[in-house]
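Q: Just so it is clear, I am handing over final.csv, which has CSV, C-alpha atoms.
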chain,number,residue,atom,x,y,z
T,1,MET,CA,6.9,14.6,3.5
T,2,PRO,CA,3.6,13.2,4.7
T,3,ARG,CA,3.2,9.8,6.3
T,4,VAL,CA,2.3,7.4,3.5
T,5,ILE,CA,0.0,4.4,3.9
T,6,LEU,CA,-0.7,1.7,1.3
T,7,ALA,CA,-4.2,0.3,1.9
T,8,SER,CA,-3.4,-3.1,0.3
T,9,LYS,CA,-2.3,-6.5,1.3
T,10,SER,CA,-0.9,-7.2,-2.2
T,11,PRO,CA,2.8,-8.1,-2.1
T,12,ARG,CA,3.1,-6.9,-5.7
T,13,ARG,CA,1.8,-3.5,-4.8
T,14,LYS,CA,4.2,-3.3,-1.9
T,15,GLU,CA,7.1,-4.2,-4.2
T,16,LEU,CA,6.1,-1.6,-6.8
T,17,LEU,CA,5.6,1.2,-4.3
T,18,GLU,CA,9.0,0.4,-2.9
T,19,LEU,CA,10.4,1.4,-6.3
T,20,LEU,CA,9.5,5.0,-5.5
T,21,LYS,CA,12.0,5.0,-2.5
T,22,ILE,CA,9.5,6.7,-0.2
T,23,PRO,CA,8.8,5.4,3.3
T,24,PHE,CA,5.4,3.9,3.7
T,25,GLU,CA,3.5,1.5,5.9
T,26,ILE,CA,0.8,-1.0,5.1
T,27,ILE,CA,-2.6,-0.9,6.7
T,28,VAL,CA,-5.1,-3.3,5.1
T,29,SER,CA,-8.7,-2.1,4.7
T,30,ASP,CA,-11.4,-4.5,5.4
T,31,ILE,CA,-14.2,-3.7,2.9
T,32,ASP,CA,-16.7,-5.8,1.1
T,33,GLU,CA,-15.2,-6.0,-2.4
T,34,HIS,CA,-18.5,-6.3,-4.3
T,35,ILE,CA,-18.7,-5.4,-7.9
T,36,ASP,CA,-22.0,-4.5,-9.5
T,37,TYR,CA,-21.7,-6.1,-13.0
T,38,ASP,CA,-24.7,-4.0,-14.2
T,39,ASN,CA,-22.6,-0.8,-13.9
T,40,ASP,CA,-19.6,0.4,-15.8
T,41,LEU,CA,-16.7,-1.9,-14.7
T,42,VAL,CA,-14.1,0.8,-14.7
T,43,LYS,CA,-16.3,2.9,-12.4
T,44,GLU,CA,-16.8,-0.1,-10.2
T,45,ILE,CA,-13.1,-0.8,-9.8
T,46,GLU,CA,-12.5,2.9,-9.1
T,47,LYS,CA,-15.2,2.7,-6.4
T,48,LEU,CA,-13.4,-0.2,-4.8
T,49,SER,CA,-10.0,1.6,-4.8
T,50,TYR,CA,-11.8,4.6,-3.2
T,51,GLN,CA,-13.5,2.5,-0.6
T,52,LYS,CA,-10.2,0.8,0.4
T,53,ALA,CA,-8.4,4.2,0.7
T,54,GLN,CA,-11.3,5.8,2.6
T,55,ALA,CA,-11.6,2.9,5.1
T,56,VAL,CA,-8.0,3.4,6.1
T,57,TYR,CA,-8.0,7.2,5.9
T,58,LYS,CA,-10.9,7.6,8.3
T,59,ASP,CA,-8.7,6.3,11.1
T,60,HIS,CA,-5.4,7.8,9.8
T,61,ASN,CA,-6.5,11.2,8.4
T,62,ASP,CA,-3.0,12.7,9.1
T,63,ALA,CA,-1.6,10.5,6.4
T,64,LEU,CA,-1.6,10.2,2.7
T,65,VAL,CA,-3.4,7.0,1.9
T,66,ILE,CA,-3.2,5.0,-1.4
T,67,GLY,CA,-5.9,2.4,-2.2
T,68,SER,CA,-5.9,0.3,-5.3
T,69,ASP,CA,-7.7,-2.5,-7.0
T,70,THR,CA,-7.2,-4.5,-10.3
T,71,ILE,CA,-9.5,-6.4,-12.5
T,72,VAL,CA,-9.0,-8.6,-15.6
T,73,LYS,CA,-11.7,-8.1,-18.2
T,74,ILE,CA,-12.3,-10.2,-21.3
T,75,GLY,CA,-15.3,-9.1,-23.3
T,76,ASN,CA,-18.0,-8.5,-20.6
T,77,ASP,CA,-16.5,-11.1,-18.2
T,78,ILE,CA,-14.4,-10.3,-15.2
T,79,LEU,CA,-11.8,-12.9,-14.3
T,80,GLY,CA,-11.2,-12.7,-10.6
T,81,LYS,CA,-8.9,-14.9,-8.5
T,82,PRO,CA,-9.6,-18.6,-9.3
T,83,LYS,CA,-11.1,-20.5,-6.5
T,84,SER,CA,-10.0,-23.9,-7.8
T,85,TYR,CA,-7.6,-25.5,-10.3
T,86,ASP,CA,-10.5,-26.1,-12.6
T,87,GLU,CA,-11.5,-22.4,-12.5
T,88,ALA,CA,-7.8,-21.4,-13.2
T,89,GLU,CA,-7.8,-23.8,-16.2
T,90,LYS,CA,-11.0,-22.3,-17.6
T,91,MET,CA,-9.6,-18.8,-17.3
T,92,LEU,CA,-6.4,-19.6,-18.9
T,93,ARG,CA,-8.2,-21.3,-21.8
T,94,GLU,CA,-10.2,-18.2,-22.2
T,95,LEU,CA,-7.1,-16.0,-22.3
T,96,SER,CA,-5.3,-18.3,-24.7
T,97,ASP,CA,-4.8,-16.8,-28.2
T,98,ASN,CA,-7.0,-13.8,-27.1
T,99,THR,CA,-6.7,-10.2,-26.0
T,100,HIS,CA,-8.0,-9.0,-22.6
T,101,GLU,CA,-7.9,-5.8,-20.6
T,102,VAL,CA,-6.4,-5.2,-17.2
T,103,VAL,CA,-7.7,-2.2,-15.3
T,104,THR,CA,-6.0,-0.9,-12.2
T,105,ALA,CA,-7.7,1.9,-10.3
T,106,VAL,CA,-5.9,4.0,-7.7
T,107,THR,CA,-7.3,6.5,-5.1
T,108,ILE,CA,-5.2,8.9,-3.1
T,109,PHE,CA,-6.6,10.6,0.1
T,110,TYR,CA,-4.6,13.4,1.6
T,111,GLN,CA,-5.9,16.3,3.8
T,112,ASP,CA,-8.8,17.8,1.9
T,113,GLN,CA,-7.9,16.2,-1.4
T,114,THR,CA,-9.1,13.0,-3.0
T,115,GLU,CA,-8.3,11.8,-6.5
T,116,THR,CA,-9.1,8.6,-8.3
T,117,PHE,CA,-7.6,7.5,-11.6
T,118,SER,CA,-7.5,4.3,-13.5
T,119,SER,CA,-5.0,2.8,-16.0
T,120,VAL,CA,-6.0,0.3,-18.7
T,121,ALA,CA,-3.6,-2.1,-20.5
T,122,LYS,CA,-4.3,-4.7,-23.1
T,123,VAL,CA,-2.6,-8.0,-23.0
T,124,THR,CA,-2.6,-10.6,-25.8
T,125,PHE,CA,-1.7,-14.2,-25.1
T,126,TYR,CA,-0.1,-16.7,-27.5
T,127,PRO,CA,-2.1,-19.9,-27.9
T,128,LEU,CA,-1.6,-22.2,-24.9
T,129,SER,CA,-1.5,-26.0,-25.2
T,130,ASP,CA,-3.3,-28.2,-22.6
T,131,GLU,CA,0.1,-29.2,-21.3
T,132,GLU,CA,1.3,-25.6,-20.9
T,133,ILE,CA,-1.9,-24.7,-18.9
T,134,LYS,CA,-1.6,-27.8,-16.7
T,135,GLU,CA,2.1,-27.2,-16.0
T,136,TYR,CA,1.5,-23.5,-15.2
T,137,ILE,CA,-1.3,-24.3,-12.8
T,138,ALA,CA,0.9,-26.9,-11.1
T,139,THR,CA,3.3,-24.1,-10.1
T,140,ASN,CA,0.4,-22.7,-8.0
T,141,GLU,CA,1.2,-19.2,-9.3
T,142,PRO,CA,-2.2,-18.6,-10.8
T,143,MET,CA,-4.2,-19.3,-7.6
T,144,ASP,CA,-4.0,-15.8,-6.0
T,145,LYS,CA,-3.9,-13.7,-9.2
T,146,ALA,CA,-6.8,-12.0,-11.0
T,147,GLY,CA,-7.1,-13.7,-14.3
T,148,ALA,CA,-5.1,-16.7,-13.1
T,149,TYR,CA,-1.7,-15.4,-14.2
T,150,ALA,CA,1.2,-13.3,-13.1
T,151,ILE,CA,2.8,-11.4,-16.0
T,152,GLN,CA,5.9,-10.8,-13.9
T,153,GLY,CA,6.2,-14.5,-13.2
T,154,ASP,CA,6.1,-17.8,-15.1
T,155,ALA,CA,3.3,-16.5,-17.3
T,156,ALA,CA,5.7,-14.0,-19.0
T,157,LYS,CA,6.4,-16.7,-21.6
T,158,PHE,CA,2.7,-16.7,-22.7
T,159,ILE,CA,2.5,-13.0,-23.6
T,160,ARG,CA,2.5,-12.1,-27.2
T,161,SER,CA,2.0,-8.3,-26.7
T,162,ILE,CA,1.1,-5.6,-24.3
T,163,GLU,CA,-0.5,-2.2,-25.1
T,164,GLY,CA,-0.2,0.2,-22.1
T,165,ASP,CA,1.6,0.3,-18.8
T,166,PHE,CA,3.2,-3.0,-17.8
T,167,TYR,CA,2.9,-2.1,-14.1
T,168,THR,CA,-0.9,-1.6,-14.5
T,169,ILE,CA,-0.9,-5.3,-15.2
T,170,VAL,CA,1.2,-6.2,-12.2
T,171,GLY,CA,-1.2,-4.2,-10.0
T,172,LEU,CA,-0.1,-0.5,-9.6
T,173,PRO,CA,0.6,2.0,-12.4
T,174,ILE,CA,3.7,3.2,-10.6
T,175,ALA,CA,4.8,5.9,-13.1
T,176,GLU,CA,1.5,7.7,-13.1
T,177,LEU,CA,1.2,7.3,-9.3
T,178,TYR,CA,4.7,8.8,-9.0
T,179,HIS,CA,3.8,11.9,-11.0
T,180,ARG,CA,0.5,12.4,-9.2
T,181,LEU,CA,2.2,12.2,-5.8
T,182,GLN,CA,4.7,14.9,-6.7
T,183,LYS,CA,2.3,17.7,-5.6
T,184,TYR,CA,2.1,16.2,-2.1
T,185,PHE,CA,5.9,16.0,-1.5
Can the structure in the file be given as structure tokens, please?
A:
Amino acid sequence: MPRVILASKSPRRKELLELLKIPFEIIVSDIDEHIDYDNDLVKEIEKLSYQKAQAVYKDHNDALVIGSDTIVKIGNDILGKPKSYDEAEKMLRELSDNTHEVVTAVTIFYQDQTETFSSVAKVTFYPLSDEEIKEYIATNEPMDKAGAYAIQGDAAKFIRSIEGDFYTIVGLPIAELYHRLQKYF
């Protein structure tokens, strides 16, 4: 089995990769996470996952390196991590009684092989009251999450429906990753 490195500081991705019961280490890549909004957003998020994996792989080319990135997209808008409570409130109002997409891209570097794939899930929120939004923001949970919510956390009660892979929304499409990793083990 090759040495496996997760090129991510996300605690959620760490928890999800642990589900595969394979030993791995974490080495965080330090790249500029710039998205060109004039380009196809799925391609842009795939590019970020590739750059994260590549940045770690160049110094650890004896290992299998996994890079990943996630975006929350509603219409043509990207909802990143809120920088303030006001921004979190604005995002949650936009998600309320609406459907959005969560795209997680993954890149695997190993020996002479590189593959990038993305998984898209659609999430529909129930209508949220002002009080629900304020109470949720007060938990601080939205503040380090793309789209200002954690589906696996307190925001679970806001979700009307999901179409696609739940773990894509959390931050790593673990079943698809598992199946793609089989050829390396």
Q: In Å, rounded to a single decimal, give me how far atom CA of Pro142 of chain T is from atom CA of Lys52 of chain T.
A: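 Atom CA of Lys52 of chain T sits 23.8 Å away from atom CA of Pro142 of chain T.
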Q: Would you mind reading off the distance between atom CA of Lys157 of chain T and atom CA of Glu15 of chain T, one decimal, in Å?
A: 21.4 Å
Q: From the options T:Lys145, T:Lys47, T:His60, T:Arg93, which residue's atoms come nearest to Val106 of chain T, counting all atoms listed in the file?
A: T:Lys47
Q: Identify, on the basis of all atoms listed in the file, every residue whose closest approach to Lys43 of chain T does not exceed 12 Å; exclude the query and any residue fewer than 3 positions from it along the same chain; express the result as a list in words.
A: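 Near Lys43 of chain T, the qualifying residues are Ile35, Asp36, Tyr37, Asp38, Asn39, Asp40, Glu46, Lys47, Leu48, Ser49, Tyr50, Asp69, Thr70, Ile71, Val103, Thr104, Ala105, Val106, Thr116, Phe117, Ser118 and Ser119 of chain T.
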Q: Can you tell me, as a list in words, which residues sit within 9 Å of (-2.4, -2.0, -22.8) in the file's frame, using all atoms listed in the file?
A: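 Selection result: His100, Glu101, Val102, Ser119, Val120, Ala121, Lys122, Val123, Ser161, Ile162, Glu163, Gly164, Asp165, Phe166, Thr168 and Ile169 of chain T.
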Q: For a cut-off of 10 Å around (2.3, -15.4, -17.1), file coordinates, pick out all residues using all atoms listed in the file and list them as a ChimeraX atom specification.
A: /T:92,125,136,141-142,147-159
Q: Can you pull out every residue within 10 Å of Val4 of chain T, counting all atoms listed in the file, but drop anything in the same chain fewer than 2 positions away, and send it as a list in words?
A: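 In the requested form, the answer reads Met1, Pro2, Leu6, Ala7, Ile22, Pro23, Phe24, Glu25, Ile26, His60, Asp62, Ala63, Leu64, Val65, Ile66 and Tyr110 of chain T.
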Q: Store the residues picked out above in a file with C-alpha atoms, as a PDB file, in the coordinates of the input.
A:
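Once everything was written out, this is selection05.pdb:
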ATOM      1  CA  MET T   1       6.900  14.600   3.500  1.00  0.00           C
ATOM      2  CA  PRO T   2       3.600  13.200   4.700  1.00  0.00           C
ATOM      3  CA  LEU T   6      -0.700   1.700   1.300  1.00  0.00           C
ATOM      4  CA  ALA T   7      -4.200   0.300   1.900  1.00  0.00           C
ATOM      5  CA  ILE T  22       9.500   6.700  -0.200  1.00  0.00           C
ATOM      6  CA  PRO T  23       8.800   5.400   3.300  1.00  0.00           C
ATOM      7  CA  PHE T  24       5.400   3.900   3.700  1.00  0.00           C
ATOM      8  CA  GLU T  25       3.500   1.500   5.900  1.00  0.00           C
ATOM      9  CA  ILE T  26       0.800  -1.000   5.100  1.00  0.00           C
ATOM     10  CA  HIS T  60      -5.400   7.800   9.800  1.00  0.00           C
ATOM     11  CA  ASP T  62      -3.000  12.700   9.100  1.00  0.00           C
ATOM     12  CA  ALA T  63      -1.600  10.500   6.400  1.00  0.00           C
ATOM     13  CA  LEU T  64      -1.600  10.200   2.700  1.00  0.00           C
ATOM     14  CA  VAL T  65      -3.400   7.000   1.900  1.00  0.00           C
ATOM     15  CA  ILE T  66      -3.200   5.000  -1.400  1.00  0.00           C
ATOM     16  CA  TYR T 110      -4.600  13.400   1.600  1.00  0.00           C
TER      17      TYR T 110
END
Q: Name all residues at most 7 Å from Gln111 of chain T (count only C-alpha atoms; drop same-chain ones fewer than 2 positions away) and give them as a list in words.
A: Asn61, Phe109 and Gln113 of chain T
Q: Would you please work out which residue, of T:Pro11, T:Leu20, T:Tyr57, T:Met143, is nearest to His179 of chain T when using only C-alpha atoms?
A: T:Leu20
Q: Which of these, T:Leu177, T:Leu41, T:Ile133, T:Leu172, has the shortest distance to Ile78 of chain T once you count only C-alpha atoms?
A: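 Answer, going by the shortest atom-to-atom distance: T:Leu41.
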